[in-house]
Structure formats: C-alpha cells, structure tokens
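Novice: Dumping the structure here so I can ask a few things about it.
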Amino acid sequence: MFGFFLVMPLMIIIITGNVLRVRGFYSAQDISALTKTLYWVILPPLLFRTSYSAGSEVLKQPNLLLACTLCYLITVLVTLLISLKYTHKGDIKRTAVAVFASFRSNNLYLGFPVVQMALGEAGLHEASIYIAVSTIPFQFISLAAGEIVISGRLSSDGIRQIVKKLCTNPLLISCILGVAAAVVKLPIHFFFFFTMKLMGGAATAVALLALGGSLDLSCLSRIAGIMKETWADIIIKLVFVPVIMYLLLQLFPVSPELFMVTVMLTSMPNAVNCFILAKGMGMDGKYAADLVAATTLLGILSIPAWAYLLGMV
C-alpha cells in the first residue's frame with residue numbers, strides 16, 4: 001500500500017503542472033523555460049554534487065556498464081523483431097519509435113523524484129552512479145538504433161551527430177566533472193557545495209511540474225485506443241526492460257543499493273523527449289506522444305509494483 005503513497009504525491013504535482021498549462025497559467029513557452037532551466041541549470045549541479053560524492057566509485061563499476069549495455073542491446077533487438085514481425089509490420093516510422101524508445105526511461109523528471117522519495121540522499125547517490133555509467137551506451141544505442149531503422153543504415157554523419165549530442169550533454173559533462181574532481185581530490189568549498197545542494201533541492205518539484213505541463217492528457221478520452229495500439233511497447237518498457245536488467249545484474253552483480261536503484265530507474269515510463277527526438281528524426285511523432293502518455297499513466301501502477309518487488313517500500 002505504501003507504494004501508492006510513494007507515487008501519489010508525484011502524480012499530484014504532475015497533474016498540477018498539467019492543469020496549470022491547460023488553464024493557461026503556464027504557456028508552452030513557460031514549460032519550455034522550466035524544462036530548459038531544469039536541464040541546464042538545476043540538474044547539472046545535482047549530478048555534479050552526487051557524482052563528486054560518489055567519487056572514484058563510478059570508475060569501479062564495469063559490471064554495471066556491461067549489464068546496461070547488454071540490456072539496451074537485447075531490448076533493441078527484441079523490440080525490432082516483434083515490431084517487424086507482429087506489431088508494426090510495414091510501418092517503418094512506428095517501428096523506429098518502438099526501437100528508439102524501447103529503453104528510454106524518464107530517469108530525470110520522474111525516476112530521480114521516485115528514488116529520492118523512497119531512499120533519500122542515499123538513493124540519489126546511487127542514481128548518479130547509474131546515470132554516469134550508463135549515459136553513453138544509453139544515448140548512443142538508442143539514437144543509433146532509431147537512425148538505422150528509419151534510414152536503413154548508420155551514416156558517418158549520423159555518428160557525428162550522436163557524438164556531438166553526447167559532448168554537449170550537460171548531464172554527462174556534470175557527471176564526468178564531478179568524478180574527475182573527486183579523483184584528483186579537488187576541494188569544494190562548503191559554500192559552493194551547499195549552493196549546489198540548494199539548487200538540486202529544486203529538481204523534484206520543477207521536474208514534475210515540467211513533466212505535467214509537457215504531457216498531452218487530452219488523449220485520455222481515447223485511452224482505450226491508445227492502449228490497444230501501444231500495448232506491446234508498453235509491456236517492453238514497463239516489464240521486459242527492468243526484468244532483463246534484473247537478470248543481467250544477477251550475472252554481473254553490483255551492490256544491493258545500486259542494484260535496486262538501477263532496476264527501478266529502468267522501470268520508469270518513457271521519457272518525454274522521446275516525442276521531441278522522434279519528430280526531429282523523422283519518426284512517427286504522434287505514436288511517440290501516445291507511448292509517453294500511456295506509459296506515464298500506467299506508471300501509477302508499475303512504479304509502486306516495482307518499488308514493492310525491489311524492497312524499496
């Protein structure tokens with residue numbers, strides 16, 4: 001039962017953000033500004049601070065890197081097979097969305113708040129390790145798989161674009177700088193450290209408000225049709241991916257706390273940027289938006305279920 005109490009405060013803030021947008025309190029530009037502030041201003045200090053606290057521990061996680069990479073590759077291959085043979089036969093744009101979004105979790109806007117509510121600062125510590133270790137395979141495999149499906153090949157220009165995205169990703173940069181500062185034992189004055197802590201403290205509320213404002217919940221009137229169209233990809237995202245990660249971490253073990261947080265984050269609904277990136281890459285943007293909305297809605301059930309199974313509640 002506590003699992004539902006874990007997720008309900010989060011859903012209330014998400015709904016609040018959506019209502020504020022629908023009622024005109026937030027405009028589309030306001031939501032964009034919230035998201036930009038979160039991405040470029042609030043989350044980088046949070047990840048730097050937690051990565052700095054984790055220190056060289058991030059560099060001692062080959063098992064986590066291997067498990068994440070294998071999980072993403074297995075998920076992409078299974079999703080591609082199912083999409084081509086059964087669920088999206090003949091629809092390349094929709095197949096591309098299914099493959100591209102198959103393991104892209106909403107770690108930052110939803111996963112971090114869930115972990116923080118359940119485990120506090122210790123949970124954020126483990127979450128930062130997962131983000132630092134997994135970001136490169138997470139982004140590269142997802143973007144490369146989407147491009148291969150939609151264009152039939154991975155071009156040199158496509159690789160350059162992916163590398164450019166990684167090199168300009170403030171979250172990845174923050175993790176790398178935090179680990180580097182810890183490894184060389186660079187002292188961080190408490191004044192700046194506390195400033196970063198205050199900045200990171202705003203992450204939960206801002207992330208959830210931005211998520212709510214980004215979601216188009218008007219589609220709830222046709223939710224039955226959406227579920228019928230997206231059910232296979234929903235199962236892959238909310239069930240298959242975390243199960244595969246769970247099994248792989250049995251083969252490549254990590255600490256119990258990191259195990260718990262890693263599986264929990266991979267069980268999160270699809271990230272909102274799946275819709276944005278899918279449109280930009282020439283995929284089926286509408287299907288991507290439906291998938292984000294459907295998995296987020298079902299997250300009301302899946303998040304507490306996984307929290308219970310993992311012993312977080």
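Chain lettering (A, B, ...) mirrors the order of the structure tokens, residue numbering begins at 1 for each chain separately, and ligand numbering begins at 1 in order of display.
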Find the spatial neighbours of Val239 of chain A, counting only C-alpha atoms, within a cut-off of 10 Å - ignore same-chain residues fewer than 4 positions away - and output them as number ranges by chain.
Specialist: A: 233-235, 243-244, 266-268, 302, 306
Novice: Give me the residues within 9 Å of Leu124 of chain A as a CSV table (one decimal) with N, CA and C atoms, in the first residue's frame, counting only C-alpha atoms and dropping any in the same chain fewer than 3 places off.
Specialist:
chain,number,residue,atom,x,y,z
A,46,LEU,N,23.2,19.2,-9.3
A,46,LEU,CA,22.8,18.0,-8.6
A,46,LEU,C,23.7,16.8,-9.0
A,47,LEU,N,23.8,16.6,-10.3
A,47,LEU,CA,24.6,15.4,-10.7
A,47,LEU,C,26.1,15.6,-10.4
A,50,THR,N,26.4,14.9,-6.6
A,50,THR,CA,26.3,13.5,-6.2
A,50,THR,C,27.4,12.6,-6.8
A,112,PHE,N,14.3,10.2,-10.7
A,112,PHE,CA,15.0,10.8,-9.6
A,112,PHE,C,14.1,11.2,-8.4
A,113,PRO,N,12.9,11.8,-8.7
A,113,PRO,CA,12.0,12.0,-7.6
A,113,PRO,C,11.5,10.8,-6.9
A,115,VAL,N,13.1,7.9,-6.6
A,115,VAL,CA,14.3,7.4,-5.8
A,115,VAL,C,14.5,8.2,-4.6
A,116,GLN,N,14.4,9.5,-4.8
A,116,GLN,CA,14.6,10.4,-3.6
A,116,GLN,C,13.6,10.3,-2.6
A,119,LEU,N,14.3,6.6,-1.0
A,119,LEU,CA,15.6,6.3,-0.4
A,119,LEU,C,16.4,7.5,0.1
A,120,GLY,N,15.9,8.7,-0.2
A,120,GLY,CA,16.5,9.9,0.2
A,120,GLY,C,17.8,10.2,-0.5
A,121,GLU,N,18.7,10.9,0.2
A,121,GLU,CA,20.0,11.3,-0.4
A,121,GLU,C,20.8,10.1,-0.8
A,127,ALA,N,21.7,6.7,-7.8
A,127,ALA,CA,21.2,7.1,-9.1
A,127,ALA,C,22.2,7.9,-10.0
A,128,SER,N,23.0,8.7,-9.3
A,128,SER,CA,24.1,9.4,-10.0
A,128,SER,C,25.1,8.5,-10.6
A,129,ILE,N,25.4,7.4,-9.9
A,129,ILE,CA,26.3,6.4,-10.4
A,129,ILE,C,25.8,5.7,-11.7
A,261,VAL,N,18.3,0.6,-7.3
A,261,VAL,CA,18.1,1.9,-8.0
A,261,VAL,C,18.2,1.7,-9.5
Novice: Using only C-alpha atoms, determine which residues lie at most 10 Å from Met260 of chain A, disregarding the query and same-chain residues fewer than 6 positions distant; provide the list as a list in words.
Specialist: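 The filter keeps Val115, Gly123, Glu126, Ala127, Tyr246, Leu249, Val254, Trp306, Ala307, Leu309, Leu310, Gly311 and Met312 of chain A.
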Novice: I need the residues from that last selection saved to file as a PDB file, in the first residue's frame (with C-alpha atoms), if you can.
Specialist:
ATOM      1  CA  VAL A 115      14.258   7.358  -5.821  1.00  0.00           C
ATOM      2  CA  GLY A 123      19.197   6.934  -3.388  1.00  0.00           C
ATOM      3  CA  GLU A 126      23.263   5.507  -6.397  1.00  0.00           C
ATOM      4  CA  ALA A 127      21.181   7.126  -9.132  1.00  0.00           C
ATOM      5  CA  TYR A 246      17.290  -7.552 -13.050  1.00  0.00           C
ATOM      6  CA  LEU A 249      22.621  -7.811 -12.650  1.00  0.00           C
ATOM      7  CA  VAL A 254      26.684  -4.743  -8.097  1.00  0.00           C
ATOM      8  CA  TRP A 306       8.442  -2.395  -8.851  1.00  0.00           C
ATOM      9  CA  ALA A 307       9.149  -0.442  -5.660  1.00  0.00           C
ATOM     10  CA  LEU A 309       9.247  -6.036  -5.598  1.00  0.00           C
ATOM     11  CA  LEU A 310      12.616  -4.367  -5.062  1.00  0.00           C
ATOM     12  CA  GLY A 311      12.016  -3.804  -1.359  1.00  0.00           C
ATOM     13  CA  MET A 312      12.052  -0.014  -1.615  1.00  0.00           C
TER      14      MET A 312
END
Novice: What gap, in Å, lies between atom CA of Pro45 of chain A and atom CA of Met196 of chain A?
Specialist: 5.2 Å
Novice: Extract, using only C-alpha atoms, all DNA, RNA and protein residues at most 9 Å from segment 144-154 of chain A, discarding same-chain residues fewer than 5 positions from it, and format them as a PyMOL selection string.
Specialist: chain A and resi 76+80+92-93+95-101+139+159+162+278+281-283
Novice: Which polymer residues have any atom within 12 Å of an atom of Ile300 of chain A, counting only C-alpha atoms, with same-chain residues fewer than 6 positions away left out, as a list in words?
Specialist: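 The residues that qualify are Gly3, Phe4, Phe5, Leu6, Val7, Met8, Pro9, Leu10, Met11, Ile12, Ile14, Leu110, Val114, Leu238, Ser267, Met268, Pro269, Ala293, Ala294, Trp306 and Ala307 of chain A.
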Novice: Name the residues in contact with Cys167 of chain A at a cut-off of 10 Å, using only C-alpha atoms, excluding same-chain residues fewer than 6 positions from it; report them as a list in words.
Specialist: Ile136, Gln161 and Ile173 of chain A
Novice: Find, counting only C-alpha atoms, the residue in A:Ala202, A:Leu265, A:Ala118, A:Leu66 that gets nearest to Val313 of chain A.
Specialist: A:Ala118
Novice: Give me the residues within 12 Å of Leu248 of chain A as a list in words, counting only C-alpha atoms and dropping any in the same chain fewer than 3 places off.
Specialist: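 Once the nearby chain positions are removed, what remains is Asn63, Leu64, Leu65, Leu66, Ala67, Cys68, Thr69, Leu70, Cys71, Tyr72, Ile74, Val241, Pro242, Val243, Ile244, Met245, Leu251, Phe252, Pro253, Val254, Phe259, Thr262 and Val263 of chain A.
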Novice: With only C-alpha atoms as the atoms that count, which of A:Asp284, A:Gly200, A:Ser255, A:Ala180 lies nearest to Gly55 of chain A?
Specialist: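 Of A:Asp284, A:Gly200, A:Ser255, A:Ala180, the one nearest Gly55 of chain A, counting only C-alpha atoms, is A:Ala180.
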Novice: Could you check which of A:Pro170, A:Val292, A:Leu301, A:Ala205 is closest to Lys36 of chain A, using only C-alpha atoms?
Specialist: A:Pro170
Novice: Go through A:Leu43, A:Ile15, A:Ala305, A:Ala182 one by one, measure the shortest atom-to-atom distance of each to Leu198 of chain A using only C-alpha atoms, and give the residue with the smallest value.
Specialist: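 Looking only at the distances to Leu198 of chain A, the closest residue turns out to be A:Leu43.
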Novice: Mind listing the helix (DSSP H, G or I) residues of segment 117-285 of chain A, per DSSP on the backbone, as a PyMOL selection string?
Specialist: chain A and resi 117-119+121-151+156-167+170-183+190-201+203-214+217-251+256-266+273-280+285
Novice: Can you work out which one of A:Tyr109, A:Phe48, A:Phe140, A:Phe193 has the shortest atom-to-atom distance to Val179 of chain A, counting only C-alpha atoms?
Specialist: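 Among the listed residues, the smallest separation from Val179 of chain A belongs to A:Phe48.
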Novice: Which residue out of A:Ile276, A:Leu171, A:Ala232, A:Val206 has the minimum interatomic distance to Thr135 of chain A when only C-alpha atoms are used?
Specialist: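 With only C-alpha atoms as the atom set, the closest residue is A:Leu171.
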Novice: Work out how far atom CA of Leu108 of chain A is from atom CA of Leu215 of chain A, in Å to one decimal.
Specialist: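 Computed distance, atom CA of Leu215 of chain A to atom CA of Leu108 of chain A, equals 15.3 Å.
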